Amino acid sequence: MNTDIAVEDITVQIADEKYLDYVETILNTIADAAKVRGTGIARRSPEYIAQKMKEGKAIIALAGEEFAGFCYIETWGNKKFVANSGLIVVDKFRGHGLAKRIKRKAFELSRQRYPNAKIFGLTTGLAVMKINSELGYKPVTFSELTDDDAFWKGCQSCVNYDILQRTNRKHCLCTGMLFDPAKDEAP
Ligand SMILES: CC(C)(COP(=O)(O)OP(=O)(O)OC[C@H]1O[C@@H](n2cnc3c(N)ncnc32)[C@H](O)[C@@H]1OP(=O)(O)O)[C@@H](O)C(=O)NCCC(=O)NCCS
């Protein structure tokens, strides 16, 4: 890693309003990563990310004061589901288990705040699939995920949205993964 800070010194914590100054950096980092990947990462507004922080629903990783990574949680379908979204790790901090730490923290936060909710995520990325599997998520068809229109609206800013529309929300390039607290065991 091309930095003076060892990865174990990076803090991973629940963000609150003290971290609002990082919102722009977070969104720029996500936008740059989306360009590089050329595939679906849903765009979010600064207000949306700021709101997540104010509600204690965001996880931020910092190397000292430098932004290193982020993720947030949100409930859908009357709190029956909680999604972990917007995962990003800054390029130079990748490959050292930071995404794993961030996702684990988001998972713990989801379990704590919404113990009966099913936890899910959509991804095309192998790293995220591996992390989710370790946390006890299983791959599922979209029929098992929330039918909350507001959640699926979030896919509108993805480059693959036409596929989701064409298939009546049944299929797309992302794999849906789900942790059902009634059936699955957390690590
Ligand atoms: C995906 C991303 C968050 C991974 O961050 P990271 O800190 O490098 O991930 P970790 O080091 O915690 O790796 C977790 C696991 O995924 C694997 N992995 C990491 N990057 C990978 C890649 N590009 N391809 C395949 N596997 C990968 C690691 O080897 C590790 O597996 P292991 O447990 O078998 O060792 C980061 O690359 C990123 O921000 N990408 C751009 C944004 C993005 O794709 N977000 C996800 C949207 S769903």
# chains A, B, ... in the order shown; residues from 1 in each chain; ligands from 1
>>> residues_near_ligand(ligand="ligand 1", cutoff="7 Å", atoms="only C-alpha atoms and all ligand atoms", output="PyMOL selection string")
chain A and resi 30+33-34+41+85-91+93-101+122-128+130-131
>>> select_by_dssp(residues="range 60-113 of chain A", states="strand (DSSP E or B)", output="PyMOL selection string")
chain A and resi 60-63+66-76+81-89
>>> write_last_selection(atoms="C-alpha atoms", output="compact mmCIF listing (two decimals), in the first residue's frame")
# COMPACT_ATOMS: atom_id res chain seq x y z
CA ILE A 60 -16.83 5.60 7.40
CA ALA A 61 -13.21 4.42 7.34
CA LEU A 62 -10.47 6.98 7.95
CA ALA A 63 -6.69 6.80 7.76
CA GLU A 66 -7.88 10.93 5.22
CA PHE A 67 -10.99 9.34 3.72
CA ALA A 68 -10.47 5.60 3.12
CA GLY A 69 -13.87 3.97 2.70
CA PHE A 70 -17.64 4.14 3.14
CA CYS A 71 -20.93 2.26 3.11
CA TYR A 72 -24.46 2.96 4.36
CA ILE A 73 -27.56 1.07 5.37
CA GLU A 74 -31.22 1.78 4.63
CA THR A 75 -34.50 0.06 5.41
CA TRP A 76 -37.10 -0.83 2.78
CA PHE A 81 -35.55 -5.38 4.69
CA VAL A 82 -32.33 -3.53 5.22
CA ALA A 83 -29.87 -2.97 2.39
CA ASN A 84 -26.16 -2.29 2.68
CA SER A 85 -25.24 0.01 -0.20
CA GLY A 86 -22.70 2.44 -1.60
CA LEU A 87 -19.63 0.44 -0.60
CA ILE A 88 -16.42 2.15 -1.66
CA VAL A 89 -12.75 1.80 -0.70
>>> residues_around(residues="range 45-57 of chain A", least_positions_apart="3", cutoff="8 Å", atoms="only C-alpha atoms", output="CSV table (one decimal) with C-alpha atoms, in the first residue's frame")
chain,number,residue,atom,x,y,z
A,14,ILE,CA,-20.4,4.7,12.5
A,15,ALA,CA,-20.5,8.2,11.0
A,16,ASP,CA,-22.5,11.1,12.4
A,17,GLU,CA,-22.8,14.8,11.7
A,19,TYR,CA,-18.3,13.7,9.3
A,20,LEU,CA,-20.4,15.8,7.0
A,23,VAL,CA,-19.7,13.9,1.8
A,24,GLU,CA,-18.2,15.5,-1.3
A,27,LEU,CA,-19.4,11.0,-3.8
A,72,TYR,CA,-24.5,3.0,4.4
A,73,ILE,CA,-27.6,1.1,5.4
A,74,GLU,CA,-31.2,1.8,4.6
A,109,LEU,CA,-25.2,-2.1,12.7
>>> atom_distance(atom1="CA of Ile163 in chain A", atom2="CA of Phe151 in chain A")
16.3 Å
>>> residues_around(residues="Lys105 in chain A", least_positions_apart="5", cutoff="8 Å", atoms="only C-alpha atoms", output="VMD selection string")
chain A and resid 12 to 13 59
>>> write_last_selection(atoms="C-alpha atoms", output="tab-separated table (two decimals), in the first residue's frame")
chain	number	residue	atom	x	y	z
A	12	VAL	CA	-13.90	1.96	10.79
A	13	GLN	CA	-16.77	3.63	12.62
A	59	ILE	CA	-19.99	3.61	8.11
>>> atom_distance(atom1="CA of Pro181 in chain A", atom2="CA of Thr11 in chain A")
27.6 Å
>>> atom_distance(atom1="CA of Glu185 in chain A", atom2="CA of Gly136 in chain A")
5.9 Å
>>> residues_around(residues="Lys118 in chain A", least_positions_apart="4", cutoff="10 Å", atoms="only C-alpha atoms", output="list in words")
Thr75, Trp76, Lys79, Lys80, Phe81, Val82, Ala83, Ser110, Arg111, Tyr114, Tyr137, Glu144, Leu145, Thr146, Leu178, Phe179, Asp180, Pro181, Ala182, Lys183 and Asp184 of chain A
>>> select_by_dssp(residues="range 17-152 of chain A", states="alpha helix (DSSP H)", output="PyMOL selection string")
chain A and resi 23-37+46-54+98-113+126-135+149-152
>>> residues_around(residues="Tyr161 in chain A", least_positions_apart="5", cutoff="10 Å", atoms="only C-alpha atoms", output="list of chain:residue names")
A:Gly40, A:Ala42, A:Trp152, A:Lys153, A:Gly154, A:Cys155, A:Gln156, A:Arg166, A:Arg169, A:Cys172, A:Leu173
>>> residues_around(residues="Thr141 in chain A", least_positions_apart="3", cutoff="9 Å", atoms="only C-alpha atoms", output="list in words")
Glu144, Leu145, Lys170, His171, Thr175, Gly176 and Met177 of chain A
>>> decode(residues="range 6-20 of chain A", atoms="N, CA and C atoms", output="PDB file, in the first residue's frame")
ATOM      1  N   ALA A   6      -0.530   2.200   8.279  1.00  0.00           N
ATOM      2  CA  ALA A   6      -0.784   0.764   8.161  1.00  0.00           C
ATOM      3  C   ALA A   6      -2.284   0.542   8.171  1.00  0.00           C
ATOM      4  N   VAL A   7      -2.717  -0.489   7.439  1.00  0.00           N
ATOM      5  CA  VAL A   7      -4.150  -0.701   7.282  1.00  0.00           C
ATOM      6  C   VAL A   7      -4.833  -0.969   8.619  1.00  0.00           C
ATOM      7  N   GLU A   8      -4.095  -1.580   9.561  1.00  0.00           N
ATOM      8  CA  GLU A   8      -4.731  -1.845  10.859  1.00  0.00           C
ATOM      9  C   GLU A   8      -4.941  -0.555  11.662  1.00  0.00           C
ATOM     10  N   ASP A   9      -4.282   0.530  11.244  1.00  0.00           N
ATOM     11  CA  ASP A   9      -4.485   1.820  11.917  1.00  0.00           C
ATOM     12  C   ASP A   9      -5.676   2.588  11.346  1.00  0.00           C
ATOM     13  N   ILE A  10      -6.268   2.065  10.272  1.00  0.00           N
ATOM     14  CA  ILE A  10      -7.450   2.728   9.709  1.00  0.00           C
ATOM     15  C   ILE A  10      -8.639   2.444  10.619  1.00  0.00           C
ATOM     16  N   THR A  11      -9.353   3.504  10.985  1.00  0.00           N
ATOM     17  CA  THR A  11     -10.506   3.309  11.859  1.00  0.00           C
ATOM     18  C   THR A  11     -11.760   3.097  11.015  1.00  0.00           C
ATOM     19  N   VAL A  12     -12.623   2.220  11.473  1.00  0.00           N
ATOM     20  CA  VAL A  12     -13.899   1.962  10.793  1.00  0.00           C
ATOM     21  C   VAL A  12     -14.993   2.216  11.826  1.00  0.00           C
ATOM     22  N   GLN A  13     -15.807   3.248  11.591  1.00  0.00           N
ATOM     23  CA  GLN A  13     -16.775   3.632  12.616  1.00  0.00           C
ATOM     24  C   GLN A  13     -18.107   4.089  12.022  1.00  0.00           C
ATOM     25  N   ILE A  14     -19.093   4.184  12.901  1.00  0.00           N
ATOM     26  CA  ILE A  14     -20.387   4.715  12.477  1.00  0.00           C
ATOM     27  C   ILE A  14     -20.243   6.231  12.364  1.00  0.00           C
ATOM     28  N   ALA A  15     -20.648   6.777  11.211  1.00  0.00           N
ATOM     29  CA  ALA A  15     -20.496   8.224  10.990  1.00  0.00           C
ATOM     30  C   ALA A  15     -21.698   8.977  11.566  1.00  0.00           C
ATOM     31  N   ASP A  16     -21.451  10.203  12.037  1.00  0.00           N
ATOM     32  CA  ASP A  16     -22.549  11.087  12.429  1.00  0.00           C
ATOM     33  C   ASP A  16     -22.293  12.467  11.823  1.00  0.00           C
ATOM     34  N   GLU A  17     -22.943  13.501  12.327  1.00  0.00           N
ATOM     35  CA  GLU A  17     -22.815  14.816  11.663  1.00  0.00           C
ATOM     36  C   GLU A  17     -21.406  15.396  11.696  1.00  0.00           C
ATOM     37  N   LYS A  18     -20.566  14.864  12.569  1.00  0.00           N
ATOM     38  CA  LYS A  18     -19.169  15.345  12.615  1.00  0.00           C
ATOM     39  C   LYS A  18     -18.431  15.052  11.301  1.00  0.00           C
ATOM     40  N   TYR A  19     -18.990  14.134  10.507  1.00  0.00           N
ATOM     41  CA  TYR A  19     -18.278  13.683   9.302  1.00  0.00           C
ATOM     42  C   TYR A  19     -18.865  14.264   8.010  1.00  0.00           C
ATOM     43  N   LEU A  20     -19.755  15.240   8.149  1.00  0.00           N
ATOM     44  CA  LEU A  20     -20.434  15.785   6.964  1.00  0.00           C
ATOM     45  C   LEU A  20     -19.450  16.377   5.945  1.00  0.00           C
TER      46      LEU A  20
END
